[in-house]
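Undergrad: A single structure is presented below for examination.
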Amino acid sequence: MIKDITIGQYFPGKSPIHRMDPRVKIILTAVFIVMLFLSKSIWGLLVGAAFTLVTFFISRIPFKLMIKSLKPILPIIIFTGLLNLFFIKTGEEYFHWKIFRITDEGVNTAVFMAVRIICLIIGSSLLTYTTSPIDLTDAIERLLSPLKKIKVPVHELAMMMTIALRFIPTLIEETDKIMSAQKARGADMETGSLMKRAKALIPILVPLFVSSFRRAEELALAMECRCYHGGEGRTRMKQLHMSAVDGIAFVFTAFFLAGVIALNIIL
Amino acid sequence: MAVIKTENLTYIYGEGTPFEKRAVDDISLEINEGEMIGVIGHTGSGKSTLIQHFNGLLKPTSGSVYIDGERLWDDKARLRDIRFKVGLVFQYPEYQLFEESCYKDIAFGPKNMGLSDSEIDKRIKEAAAMVGLKSELLDKSPFELSGGQKRRVAIAGVMAMKPKVLILDEPASGLDPRGREQILGMLKEYYETTKSTVMIVSHSMEDIARYADRILVMNKGRLFCLDETEKVFARADELTAMGLSVPQITRVFSKLKEMGLAIDKEVYTTPYAVKLIMQRLGADQAKG
Ligand SMILES: Nc1ncnc2c1ncn2[C@@H]1O[C@H](COP(=O)(O)OP(=O)(O)O)[C@@H](O)[C@H]1O
Ligand SMILES: [Mg+2]
């Protein structure tokens with residue numbers, strides 16, 4: 001069913017990672033990505049992978065959930081793997097048949113890339129799995145607030161994102177309901193030619209658009225009734241605070257980053 | 001034979017996630033042909049989830065559903081035919097309207113059934129008359145109509161499929177008292193003229209009490225009881241404990257009973273209460 005799509009895939013919990021300040025999480029995720037791209041050798045990358053695994057275990061996100069988020073990028077991993085395997089022709093030859101040549105460097109790079117992409121996905125999914133979308137946009141707004149000085153509408157952008165995120169589940173639910181209602185009237189969305197299936201979407205899209213416009217209007221009205229007038233002078237109910245967990249996370253990440261850099265210099 | 005039958009029907013939303021919710025829990029019931037059933041229960045008790053199993057929109061997590069003795073989900077290709085047999089009107093059905101005219105919207109279901117144009121035309125007119133929709137409204141866009149009229153169009157869209165069983169999820173919710181009265185009265189009339197099975201979901205006892213032959217009470221996903229209206233209201237205390245209000249008139253008469261008035265039957269409709277009072281007054285006058 002349409003509900004199985006996990007967007008804004010927050011997985012509530014109480015692990016130290018969940019308790020971190022979302023701003024720190026975003027910064028450290030960025031550091032983590034830099035770390036992955038800095039590592040030049042497989043050893044450096046293994047340090048990055050270790051970092052990924054450790055944070056993954058601390059977060060207590062179910063293994064199954066992580067596999068699910070890796071599934072969609074499996075084709076990309078396989079594709080880059082194959083590309084590296086067949087198109088890197090330098091190094092010692094393992095295997096040669098007609099135009100296909102597989103060398104040790106090819107194998108190394110293929111594995112290296114695959115591990116890098118997997119770590120990248122796991123690391124960044126951890127951010128969205130452990131942070132509620134609202135916290136996330138809040139943190140983004142705070143992190144980007146210096147840009148207000150150069151007239152970037154940071155608050156408006158963040159508000160747009162918050163509203164969009166807030167309404168994704170609502171729209172999914174609504175779509176589900178409308179689909180059920182039309183199915184109850186015998187709508188057939190699964191069989192037939194492409195043209196027929198595209199046409200079968202009309203009974204779903206029209207009510208969905210109508211209700212989205214209605215909702216937008218209602219929300220705008222409700223916001224105005226509560227005197228919303230943009231970000232200026234607005235205070236927050238939930239202040240973001242840094243705590244000991246964040247300090248530990250900084251030190252922990254710094255350690256691994258230092259390890260990667262050191263390995264780069266040594267090797 | 002029972003037209004709807006379930007055996008140990010259980011449905012769990014989001015199984016295996018932290019949001020897991022057992023919405024329907026081990027329900028076995030039978031509904032006979034030609035009955036008018038009221039389904040009642042607190043918000044979130046699983047009414048909507050239950051009825052979506054009756055036309056194969058939801059697949060049971062465990063247990064089975066039989067329509068006319070046919071077990072659903074054994075053959076997925078049969079589900080569409082089942083949906084023509086068991087018509088389901090969702091809550092706030094006016095939000096499903098999409099066509100440019102009411103006529104075309106009501107035609108959507110019958111067209112999916114593959115009926116001939118003349119048959120479709122006949123059914124649309126019948127259904128429109130049944131829900132009290134004036135014929136000049138049929139050519140208008142459904143988006144121009146009032147809320148109550150839109151709802152009639154949506155209900156007509158399912159009635160035009162002439163289902164053997166018609167199920168309506170809170171058909172009167174969000175309407176003013178007069179609108180409620182009209183919709184429910186119209187459903188009663190539909191029930192009497194078509195002699196089909198009708199099931200009305202509601203969380204208002206007053207509405208249900210007046211129309212249903214039998215009442216199905218849901219409580220926290222479980223079947224509390226499925227029994228004749230009178231027998232259900234005899235358990236007023238349990239219903240109140242569940243957070244369901246029994247009709248005001250029933251409450252008045254149970255108080256009177258407590259005060260020593262001899263009444264042998266439960267009272268749950270105003271006309272019956274009036275009759276009873278008149279009888280009593282007559283008897284007292286004859287004595288006095
Ligand atoms: N699509 C859904 N996803 C997850 N949980 C749901 C969904 N629909 C209903 N529920 C939950 O299932 C329970 C029963 O809901 P529902 O059948 O709609 O009750 P009712 O119609 O009696 O108000 C509620 O606790 C509700 O939160
Ligand atoms: Mg409901």
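Ligands are numbered from 1 in the order shown, chains are lettered A, B, ... in the order of the structure tokens, and residues start at 1 in each chain.
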Please identify every polymer residue within 10 Å of ligand 1, using only C-alpha atoms and all ligand atoms, and present the set as an mmCIF file with all heavy atoms, in the first residue's frame.
TA:
```cif
data_model
loop_
_atom_site.group_PDB
_atom_site.id
_atom_site.type_symbol
_atom_site.label_atom_id
_atom_site.label_comp_id
_atom_site.auth_asym_id
_atom_site.auth_seq_id
_atom_site.Cartn_x
_atom_site.Cartn_y
_atom_site.Cartn_z
ATOM 1 N N LYS A 3 0.983 3.544 1.975
ATOM 2 C CA LYS A 3 1.467 3.898 3.316
ATOM 3 C C LYS A 3 2.893 3.415 3.566
ATOM 4 O O LYS A 3 3.569 3.899 4.444
ATOM 5 C CB LYS A 3 0.562 3.252 4.361
ATOM 6 C CG LYS A 3 -0.682 4.024 4.596
ATOM 7 C CD LYS A 3 -0.802 4.398 6.081
ATOM 8 C CE LYS A 3 -1.902 5.377 6.268
ATOM 9 N NZ LYS A 3 -3.170 4.826 5.787
ATOM 10 N N ILE A 172 -0.886 11.492 2.341
ATOM 11 C CA ILE A 172 -0.825 10.050 2.075
ATOM 12 C C ILE A 172 -2.110 9.390 2.566
ATOM 13 O O ILE A 172 -2.731 8.592 1.865
ATOM 14 C CB ILE A 172 0.407 9.427 2.758
ATOM 15 C CG1 ILE A 172 1.671 9.898 2.045
ATOM 16 C CG2 ILE A 172 0.329 7.907 2.721
ATOM 17 C CD1 ILE A 172 2.949 9.358 2.632
ATOM 18 N N GLU A 173 -2.525 9.784 3.764
ATOM 19 C CA GLU A 173 -3.744 9.228 4.333
ATOM 20 C C GLU A 173 -4.944 9.556 3.447
ATOM 21 O O GLU A 173 -5.786 8.696 3.160
ATOM 22 C CB GLU A 173 -3.943 9.828 5.721
ATOM 23 C CG GLU A 173 -4.901 9.091 6.605
ATOM 24 C CD GLU A 173 -4.961 9.750 7.974
ATOM 25 O OE1 GLU A 173 -3.886 9.903 8.596
ATOM 26 O OE2 GLU A 173 -6.040 10.150 8.384
ATOM 27 N N GLU A 174 -4.972 10.813 3.002
ATOM 28 C CA GLU A 174 -6.073 11.268 2.158
ATOM 29 C C GLU A 174 -6.106 10.483 0.843
ATOM 30 O O GLU A 174 -7.160 10.049 0.396
ATOM 31 C CB GLU A 174 -5.870 12.756 1.867
ATOM 32 C CG GLU A 174 -7.019 13.367 1.166
ATOM 33 C CD GLU A 174 -7.747 14.350 2.055
ATOM 34 O OE1 GLU A 174 -7.395 14.472 3.233
ATOM 35 O OE2 GLU A 174 -8.671 14.994 1.545
ATOM 36 N N ASP A 176 -4.940 7.556 0.310
ATOM 37 C CA ASP A 176 -5.379 6.209 0.650
ATOM 38 C C ASP A 176 -6.897 6.138 0.737
ATOM 39 O O ASP A 176 -7.524 5.230 0.206
ATOM 40 C CB ASP A 176 -4.785 5.835 2.009
ATOM 41 C CG ASP A 176 -4.053 4.514 1.946
ATOM 42 O OD1 ASP A 176 -3.717 4.100 0.820
ATOM 43 O OD2 ASP A 176 -3.821 3.919 3.000
ATOM 44 N N LYS A 177 -7.475 7.119 1.399
ATOM 45 C CA LYS A 177 -8.923 7.137 1.600
ATOM 46 C C LYS A 177 -9.646 7.290 0.272
ATOM 47 O O LYS A 177 -10.609 6.579 -0.006
ATOM 48 C CB LYS A 177 -9.284 8.317 2.512
ATOM 49 C CG LYS A 177 -9.761 7.876 3.867
ATOM 50 C CD LYS A 177 -10.296 9.070 4.628
ATOM 51 C CE LYS A 177 -9.916 8.956 6.088
ATOM 52 N NZ LYS A 177 -9.826 10.249 6.750
ATOM 53 N N TYR B 11 -7.515 -7.379 12.463
ATOM 54 C CA TYR B 11 -6.739 -6.521 11.573
ATOM 55 C C TYR B 11 -5.798 -5.640 12.395
ATOM 56 O O TYR B 11 -6.205 -4.989 13.351
ATOM 57 C CB TYR B 11 -7.639 -5.636 10.711
ATOM 58 C CG TYR B 11 -6.859 -4.891 9.663
ATOM 59 C CD1 TYR B 11 -6.517 -5.514 8.474
ATOM 60 C CD2 TYR B 11 -6.411 -3.600 9.891
ATOM 61 C CE1 TYR B 11 -5.756 -4.856 7.522
ATOM 62 C CE2 TYR B 11 -5.649 -2.938 8.940
ATOM 63 C CZ TYR B 11 -5.337 -3.574 7.757
ATOM 64 O OH TYR B 11 -4.570 -2.918 6.815
ATOM 65 N N ILE B 12 -4.537 -5.651 12.012
ATOM 66 C CA ILE B 12 -3.525 -4.858 12.718
ATOM 67 C C ILE B 12 -2.931 -3.846 11.749
ATOM 68 O O ILE B 12 -2.440 -4.209 10.681
ATOM 69 C CB ILE B 12 -2.422 -5.771 13.276
ATOM 70 C CG1 ILE B 12 -3.025 -6.832 14.189
ATOM 71 C CG2 ILE B 12 -1.375 -4.959 14.013
ATOM 72 C CD1 ILE B 12 -2.052 -7.871 14.665
ATOM 73 N N TYR B 13 -3.002 -2.572 12.106
ATOM 74 C CA TYR B 13 -2.372 -1.522 11.291
ATOM 75 C C TYR B 13 -0.885 -1.482 11.615
ATOM 76 O O TYR B 13 -0.505 -1.585 12.777
ATOM 77 C CB TYR B 13 -2.970 -0.157 11.603
ATOM 78 C CG TYR B 13 -4.311 0.110 10.973
ATOM 79 C CD1 TYR B 13 -5.459 0.156 11.741
ATOM 80 C CD2 TYR B 13 -4.424 0.317 9.612
ATOM 81 C CE1 TYR B 13 -6.687 0.417 11.166
ATOM 82 C CE2 TYR B 13 -5.643 0.578 9.021
ATOM 83 C CZ TYR B 13 -6.775 0.634 9.801
ATOM 84 O OH TYR B 13 -7.986 0.884 9.237
ATOM 85 N N GLY B 14 -0.081 -1.308 10.578
ATOM 86 C CA GLY B 14 1.358 -1.110 10.770
ATOM 87 C C GLY B 14 2.017 -2.229 11.554
ATOM 88 O O GLY B 14 2.777 -1.984 12.485
ATOM 89 N N GLU B 15 1.713 -3.481 11.163
ATOM 90 C CA GLU B 15 2.281 -4.596 11.902
ATOM 91 C C GLU B 15 3.806 -4.560 11.826
ATOM 92 O O GLU B 15 4.379 -4.338 10.764
ATOM 93 C CB GLU B 15 1.758 -5.913 11.309
ATOM 94 C CG GLU B 15 1.815 -7.033 12.301
ATOM 95 C CD GLU B 15 1.225 -8.316 11.736
ATOM 96 O OE1 GLU B 15 0.841 -8.331 10.564
ATOM 97 O OE2 GLU B 15 1.152 -9.278 12.491
ATOM 98 N N PHE B 19 4.274 1.694 15.603
ATOM 99 C CA PHE B 19 2.930 2.277 15.596
ATOM 100 C C PHE B 19 1.847 1.203 15.492
ATOM 101 O O PHE B 19 0.717 1.501 15.158
ATOM 102 C CB PHE B 19 2.783 3.258 14.438
ATOM 103 C CG PHE B 19 3.888 4.262 14.362
ATOM 104 C CD1 PHE B 19 4.892 4.151 13.426
ATOM 105 C CD2 PHE B 19 3.925 5.313 15.273
ATOM 106 C CE1 PHE B 19 5.923 5.072 13.375
ATOM 107 C CE2 PHE B 19 4.944 6.247 15.215
ATOM 108 C CZ PHE B 19 5.946 6.130 14.273
ATOM 109 N N GLU B 20 2.243 -0.032 15.728
ATOM 110 C CA GLU B 20 1.305 -1.138 15.573
ATOM 111 C C GLU B 20 0.018 -0.900 16.347
ATOM 112 O O GLU B 20 0.024 -0.440 17.473
ATOM 113 C CB GLU B 20 1.980 -2.417 16.091
ATOM 114 C CG GLU B 20 1.246 -3.670 15.747
ATOM 115 C CD GLU B 20 2.091 -4.886 16.110
ATOM 116 O OE1 GLU B 20 3.100 -5.142 15.436
ATOM 117 O OE2 GLU B 20 1.720 -5.571 17.079
ATOM 118 N N LYS B 21 -1.123 -1.202 15.683
ATOM 119 C CA LYS B 21 -2.415 -0.962 16.329
ATOM 120 C C LYS B 21 -3.377 -2.077 15.940
ATOM 121 O O LYS B 21 -3.660 -2.276 14.766
ATOM 122 C CB LYS B 21 -2.946 0.404 15.864
ATOM 123 C CG LYS B 21 -4.348 0.686 16.282
ATOM 124 C CD LYS B 21 -4.399 1.307 17.644
ATOM 125 C CE LYS B 21 -5.776 1.124 18.235
ATOM 126 N NZ LYS B 21 -5.904 1.499 19.609
ATOM 127 N N ARG B 22 -3.860 -2.781 16.953
ATOM 128 C CA ARG B 22 -4.828 -3.845 16.707
ATOM 129 C C ARG B 22 -6.208 -3.199 16.639
ATOM 130 O O ARG B 22 -6.827 -2.967 17.673
ATOM 131 C CB ARG B 22 -4.739 -4.859 17.856
ATOM 132 C CG ARG B 22 -5.462 -6.150 17.621
ATOM 133 C CD ARG B 22 -5.185 -7.102 18.782
ATOM 134 N NE ARG B 22 -3.905 -7.755 18.608
ATOM 135 C CZ ARG B 22 -3.787 -9.008 18.127
ATOM 136 N NH1 ARG B 22 -4.847 -9.697 17.824
ATOM 137 N NH2 ARG B 22 -2.603 -9.541 17.978
ATOM 138 N N ALA B 23 -6.671 -2.885 15.437
ATOM 139 C CA ALA B 23 -7.890 -2.094 15.293
ATOM 140 C C ALA B 23 -9.138 -2.963 15.337
ATOM 141 O O ALA B 23 -10.187 -2.517 15.775
ATOM 142 C CB ALA B 23 -7.847 -1.297 13.992
ATOM 143 N N VAL B 24 -9.018 -4.198 14.850
ATOM 144 C CA VAL B 24 -10.137 -5.130 14.906
ATOM 145 C C VAL B 24 -9.600 -6.419 15.494
ATOM 146 O O VAL B 24 -8.582 -6.930 15.049
ATOM 147 C CB VAL B 24 -10.723 -5.372 13.493
ATOM 148 C CG1 VAL B 24 -11.642 -6.568 13.500
ATOM 149 C CG2 VAL B 24 -11.475 -4.149 13.013
ATOM 150 N N VAL B 39 -24.211 0.142 13.494
ATOM 151 C CA VAL B 39 -22.904 -0.152 14.076
ATOM 152 C C VAL B 39 -22.519 1.032 14.927
ATOM 153 O O VAL B 39 -22.514 2.170 14.467
ATOM 154 C CB VAL B 39 -21.835 -0.369 12.992
ATOM 155 C CG1 VAL B 39 -20.495 -0.700 13.621
ATOM 156 C CG2 VAL B 39 -22.260 -1.448 12.031
ATOM 157 N N ILE B 40 -22.230 0.750 16.175
ATOM 158 C CA ILE B 40 -21.965 1.854 17.074
ATOM 159 C C ILE B 40 -20.715 1.576 17.899
ATOM 160 O O ILE B 40 -20.341 0.429 18.105
ATOM 161 C CB ILE B 40 -23.202 2.103 17.962
ATOM 162 C CG1 ILE B 40 -23.128 3.477 18.584
ATOM 163 C CG2 ILE B 40 -23.359 1.037 19.031
ATOM 164 C CD1 ILE B 40 -24.474 4.053 18.819
ATOM 165 N N GLY B 41 -20.066 2.614 18.338
ATOM 166 C CA GLY B 41 -18.851 2.462 19.132
ATOM 167 C C GLY B 41 -18.168 3.801 19.242
ATOM 168 O O GLY B 41 -18.409 4.696 18.441
ATOM 169 N N HIS B 42 -17.327 3.905 20.225
ATOM 170 C CA HIS B 42 -16.585 5.128 20.465
ATOM 171 C C HIS B 42 -15.675 5.419 19.277
ATOM 172 O O HIS B 42 -15.345 4.510 18.533
ATOM 173 C CB HIS B 42 -15.736 4.921 21.715
ATOM 174 C CG HIS B 42 -15.586 6.160 22.523
ATOM 175 N ND1 HIS B 42 -14.537 7.009 22.328
ATOM 176 C CD2 HIS B 42 -16.342 6.681 23.501
ATOM 177 C CE1 HIS B 42 -14.669 8.017 23.163
ATOM 178 N NE2 HIS B 42 -15.751 7.852 23.878
ATOM 179 N N THR B 43 -15.243 6.660 19.100
ATOM 180 C CA THR B 43 -14.274 6.977 18.056
ATOM 181 C C THR B 43 -13.009 6.142 18.288
ATOM 182 O O THR B 43 -12.535 6.075 19.414
ATOM 183 C CB THR B 43 -13.896 8.471 18.107
ATOM 184 O OG1 THR B 43 -15.095 9.212 18.194
ATOM 185 C CG2 THR B 43 -13.128 8.876 16.886
ATOM 186 N N GLY B 44 -12.529 5.513 17.224
ATOM 187 C CA GLY B 44 -11.331 4.700 17.357
ATOM 188 C C GLY B 44 -11.599 3.281 17.814
ATOM 189 O O GLY B 44 -10.673 2.527 18.090
ATOM 190 N N SER B 45 -12.885 2.894 17.888
ATOM 191 C CA SER B 45 -13.186 1.538 18.351
ATOM 192 C C SER B 45 -13.050 0.507 17.228
ATOM 193 O O SER B 45 -13.180 -0.684 17.475
ATOM 194 C CB SER B 45 -14.587 1.489 18.948
ATOM 195 O OG SER B 45 -15.532 1.877 17.984
ATOM 196 N N GLY B 46 -12.821 0.972 16.002
ATOM 197 C CA GLY B 46 -12.584 0.028 14.914
ATOM 198 C C GLY B 46 -13.759 -0.171 13.967
ATOM 199 O O GLY B 46 -13.740 -1.093 13.157
ATOM 200 N N LYS B 47 -14.750 0.687 14.041
ATOM 201 C CA LYS B 47 -15.923 0.533 13.178
ATOM 202 C C LYS B 47 -15.538 0.638 11.700
ATOM 203 O O LYS B 47 -15.886 -0.230 10.905
ATOM 204 C CB LYS B 47 -16.968 1.615 13.487
ATOM 205 C CG LYS B 47 -17.398 1.684 14.927
ATOM 206 C CD LYS B 47 -18.426 2.777 15.166
ATOM 207 C CE LYS B 47 -17.955 4.192 14.912
ATOM 208 N NZ LYS B 47 -17.032 4.761 15.890
ATOM 209 N N SER B 48 -14.834 1.708 11.360
ATOM 210 C CA SER B 48 -14.492 1.919 9.954
ATOM 211 C C SER B 48 -13.589 0.804 9.441
ATOM 212 O O SER B 48 -13.713 0.369 8.298
ATOM 213 C CB SER B 48 -13.794 3.262 9.779
ATOM 214 O OG SER B 48 -14.606 4.296 10.252
ATOM 215 N N THR B 49 -12.675 0.381 10.288
ATOM 216 C CA THR B 49 -11.778 -0.696 9.881
ATOM 217 C C THR B 49 -12.574 -1.973 9.620
ATOM 218 O O THR B 49 -12.351 -2.656 8.620
ATOM 219 C CB THR B 49 -10.730 -0.942 10.979
ATOM 220 O OG1 THR B 49 -10.138 0.293 11.334
ATOM 221 C CG2 THR B 49 -9.678 -1.913 10.525
ATOM 222 N N LEU B 50 -13.503 -2.272 10.499
ATOM 223 C CA LEU B 50 -14.309 -3.483 10.355
ATOM 224 C C LEU B 50 -15.058 -3.482 9.022
ATOM 225 O O LEU B 50 -14.985 -4.449 8.258
ATOM 226 C CB LEU B 50 -15.289 -3.591 11.528
ATOM 227 C CG LEU B 50 -16.266 -4.764 11.461
ATOM 228 C CD1 LEU B 50 -15.522 -6.078 11.630
ATOM 229 C CD2 LEU B 50 -17.356 -4.637 12.511
ATOM 230 N N ILE B 51 -15.767 -2.387 8.731
ATOM 231 C CA ILE B 51 -16.617 -2.417 7.542
ATOM 232 C C ILE B 51 -15.811 -2.440 6.247
ATOM 233 O O ILE B 51 -16.301 -2.915 5.243
ATOM 234 C CB ILE B 51 -17.620 -1.238 7.509
ATOM 235 C CG1 ILE B 51 -16.885 0.081 7.599
ATOM 236 C CG2 ILE B 51 -18.660 -1.364 8.612
ATOM 237 C CD1 ILE B 51 -17.777 1.260 7.306
ATOM 238 N N GLN B 52 -14.568 -1.967 6.288
ATOM 239 C CA GLN B 52 -13.772 -2.026 5.059
ATOM 240 C C GLN B 52 -13.339 -3.447 4.718
ATOM 241 O O GLN B 52 -12.784 -3.693 3.651
ATOM 242 C CB GLN B 52 -12.549 -1.123 5.169
ATOM 243 C CG GLN B 52 -12.921 0.334 5.003
ATOM 244 C CD GLN B 52 -11.719 1.231 5.163
ATOM 245 O OE1 GLN B 52 -10.777 1.154 4.401
ATOM 246 N NE2 GLN B 52 -11.741 2.078 6.159
ATOM 247 N N GLN B 91 -16.984 7.739 5.089
ATOM 248 C CA GLN B 91 -17.294 8.945 5.856
ATOM 249 C C GLN B 91 -16.901 10.169 5.014
ATOM 250 O O GLN B 91 -15.908 10.122 4.305
ATOM 251 C CB GLN B 91 -16.515 8.930 7.158
ATOM 252 C CG GLN B 91 -16.967 10.014 8.094
ATOM 253 C CD GLN B 91 -16.315 9.879 9.458
ATOM 254 O OE1 GLN B 91 -15.396 9.101 9.633
ATOM 255 N NE2 GLN B 91 -16.808 10.641 10.406
ATOM 256 N N ASP B 169 -20.651 4.705 6.279
ATOM 257 C CA ASP B 169 -19.837 5.074 7.440
ATOM 258 C C ASP B 169 -20.206 6.495 7.867
ATOM 259 O O ASP B 169 -19.934 7.442 7.137
ATOM 260 C CB ASP B 169 -18.356 4.986 7.085
ATOM 261 C CG ASP B 169 -17.473 4.960 8.324
ATOM 262 O OD1 ASP B 169 -18.014 5.189 9.429
ATOM 263 O OD2 ASP B 169 -16.270 4.714 8.183
ATOM 264 N N GLU B 170 -20.834 6.621 9.001
ATOM 265 C CA GLU B 170 -21.241 7.922 9.544
ATOM 266 C C GLU B 170 -21.876 8.816 8.483
ATOM 267 O O GLU B 170 -21.360 9.904 8.203
ATOM 268 C CB GLU B 170 -20.027 8.635 10.157
ATOM 269 C CG GLU B 170 -19.218 7.720 11.039
ATOM 270 C CD GLU B 170 -19.077 8.202 12.461
ATOM 271 O OE1 GLU B 170 -19.635 9.254 12.792
ATOM 272 O OE2 GLU B 170 -18.432 7.509 13.244
ATOM 273 N N VAL B 201 -23.157 3.030 10.150
ATOM 274 C CA VAL B 201 -22.214 3.266 11.234
ATOM 275 C C VAL B 201 -22.492 4.646 11.810
ATOM 276 O O VAL B 201 -22.730 5.590 11.065
ATOM 277 C CB VAL B 201 -20.764 3.219 10.723
ATOM 278 C CG1 VAL B 201 -19.791 3.531 11.834
ATOM 279 C CG2 VAL B 201 -20.463 1.878 10.099
ATOM 280 N N SER B 202 -22.474 4.736 13.115
ATOM 281 C CA SER B 202 -22.717 6.030 13.731
ATOM 282 C C SER B 202 -22.133 6.014 15.135
ATOM 283 O O SER B 202 -21.918 4.959 15.700
ATOM 284 C CB SER B 202 -24.210 6.292 13.802
ATOM 285 O OG SER B 202 -24.457 7.447 14.564
ATOM 286 N N HIS B 203 -21.851 7.205 15.664
ATOM 287 C CA HIS B 203 -21.548 7.165 17.076
ATOM 288 C C HIS B 203 -22.653 7.823 17.889
ATOM 289 O O HIS B 203 -22.510 8.046 19.077
ATOM 290 C CB HIS B 203 -20.145 7.687 17.409
ATOM 291 C CG HIS B 203 -19.921 9.096 16.993
ATOM 292 N ND1 HIS B 203 -19.072 9.425 15.977
ATOM 293 C CD2 HIS B 203 -20.460 10.232 17.423
ATOM 294 C CE1 HIS B 203 -19.096 10.721 15.808
ATOM 295 N NE2 HIS B 203 -19.932 11.241 16.678
ATOM 296 N N MET B 218 -19.186 -1.943 19.070
ATOM 297 C CA MET B 218 -17.743 -2.196 19.082
ATOM 298 C C MET B 218 -17.139 -1.487 20.283
ATOM 299 O O MET B 218 -17.554 -0.382 20.625
ATOM 300 C CB MET B 218 -17.096 -1.611 17.831
ATOM 301 C CG MET B 218 -17.484 -2.266 16.541
ATOM 302 S SD MET B 218 -16.627 -3.805 16.301
ATOM 303 C CE MET B 218 -14.963 -3.219 16.073
ATOM 304 N N ASN B 219 -16.182 -2.148 20.894
ATOM 305 C CA ASN B 219 -15.466 -1.514 21.995
ATOM 306 C C ASN B 219 -13.996 -1.873 21.916
ATOM 307 O O ASN B 219 -13.634 -3.039 22.022
ATOM 308 C CB ASN B 219 -16.067 -1.968 23.333
ATOM 309 C CG ASN B 219 -15.473 -1.222 24.508
ATOM 310 O OD1 ASN B 219 -15.017 -0.090 24.353
ATOM 311 N ND2 ASN B 219 -15.446 -1.848 25.651
ATOM 312 N N LYS B 220 -13.150 -0.896 21.687
ATOM 313 C CA LYS B 220 -11.704 -1.088 21.616
ATOM 314 C C LYS B 220 -11.315 -2.236 20.683
ATOM 315 O O LYS B 220 -10.515 -3.090 21.048
ATOM 316 C CB LYS B 220 -11.141 -1.335 23.007
ATOM 317 C CG LYS B 220 -11.339 -0.142 23.909
ATOM 318 C CD LYS B 220 -10.540 -0.287 25.198
ATOM 319 C CE LYS B 220 -10.771 0.883 26.105
ATOM 320 N NZ LYS B 220 -11.124 0.478 27.461
ATOM 321 N N GLY B 221 -11.908 -2.252 19.511
ATOM 322 C CA GLY B 221 -11.549 -3.256 18.520
ATOM 323 C C GLY B 221 -12.252 -4.584 18.691
ATOM 324 O O GLY B 221 -12.152 -5.458 17.844
#
```
Undergrad: Using only C-alpha atoms, find which residues of chain A lie within 7 Å of chain B and jot them down as a list in words.
TA: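 Listing them in order of chain and number gives Ile178, Ser180, Ala181, Ala184, Arg185, Gly186, Ala187, Pro203, Val206 and Pro207 of chain A.
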Undergrad: Those same residues - N, CA and C atoms - I'd like them written as a PDB file, in the first residue's frame.
TA:
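Resulting contents of again-v9.pdb:
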```pdb
ATOM      1  N   ILE A 178      -9.181   8.250  -0.540  1.00  0.00           N
ATOM      2  CA  ILE A 178      -9.848   8.485  -1.821  1.00  0.00           C
ATOM      3  C   ILE A 178      -9.715   7.255  -2.713  1.00  0.00           C
ATOM      4  N   SER A 180      -9.455   4.200  -1.740  1.00  0.00           N
ATOM      5  CA  SER A 180     -10.385   3.182  -1.238  1.00  0.00           C
ATOM      6  C   SER A 180     -11.801   3.501  -1.679  1.00  0.00           C
ATOM      7  N   ALA A 181     -12.171   4.788  -1.577  1.00  0.00           N
ATOM      8  CA  ALA A 181     -13.532   5.169  -1.933  1.00  0.00           C
ATOM      9  C   ALA A 181     -13.803   4.888  -3.407  1.00  0.00           C
ATOM     10  N   ALA A 184     -14.102   1.243  -4.027  1.00  0.00           N
ATOM     11  CA  ALA A 184     -15.407   0.761  -3.592  1.00  0.00           C
ATOM     12  C   ALA A 184     -16.448   0.978  -4.674  1.00  0.00           C
ATOM     13  N   ARG A 185     -16.185   1.941  -5.570  1.00  0.00           N
ATOM     14  CA  ARG A 185     -17.110   2.154  -6.682  1.00  0.00           C
ATOM     15  C   ARG A 185     -16.624   1.413  -7.926  1.00  0.00           C
ATOM     16  N   GLY A 186     -15.720   0.493  -7.729  1.00  0.00           N
ATOM     17  CA  GLY A 186     -15.306  -0.370  -8.834  1.00  0.00           C
ATOM     18  C   GLY A 186     -14.172   0.171  -9.682  1.00  0.00           C
ATOM     19  N   ALA A 187     -13.493   1.228  -9.232  1.00  0.00           N
ATOM     20  CA  ALA A 187     -12.347   1.741  -9.992  1.00  0.00           C
ATOM     21  C   ALA A 187     -11.280   0.657 -10.052  1.00  0.00           C
ATOM     22  N   PRO A 203      -9.869  10.126 -11.126  1.00  0.00           N
ATOM     23  CA  PRO A 203     -10.778  10.127  -9.969  1.00  0.00           C
ATOM     24  C   PRO A 203     -10.044  10.267  -8.636  1.00  0.00           C
ATOM     25  N   VAL A 206      -8.170  14.513  -8.895  1.00  0.00           N
ATOM     26  CA  VAL A 206      -9.073  15.665  -8.776  1.00  0.00           C
ATOM     27  C   VAL A 206      -9.484  15.904  -7.318  1.00  0.00           C
ATOM     28  N   PRO A 207     -10.023  14.888  -6.610  1.00  0.00           N
ATOM     29  CA  PRO A 207     -10.388  15.147  -5.212  1.00  0.00           C
ATOM     30  C   PRO A 207      -9.186  15.528  -4.356  1.00  0.00           C
TER      31      PRO A 207
END
```
Undergrad: With only C-alpha atoms as the basis for distance, which of B:Ser118, B:Glu126, B:Lys76, B:Arg222 is at the shortest distance from Thr193 of chain B?
TA: B:Glu126
Undergrad: Which polymer residues have any atom within 10 Å of an atom of Ala236 of chain B, counting only C-alpha atoms, with same-chain residues fewer than 3 positions away left out, as a VMD selection string?
TA: chain B and resid 231 to 233 239 to 242 244 to 247 250 to 251 254 266
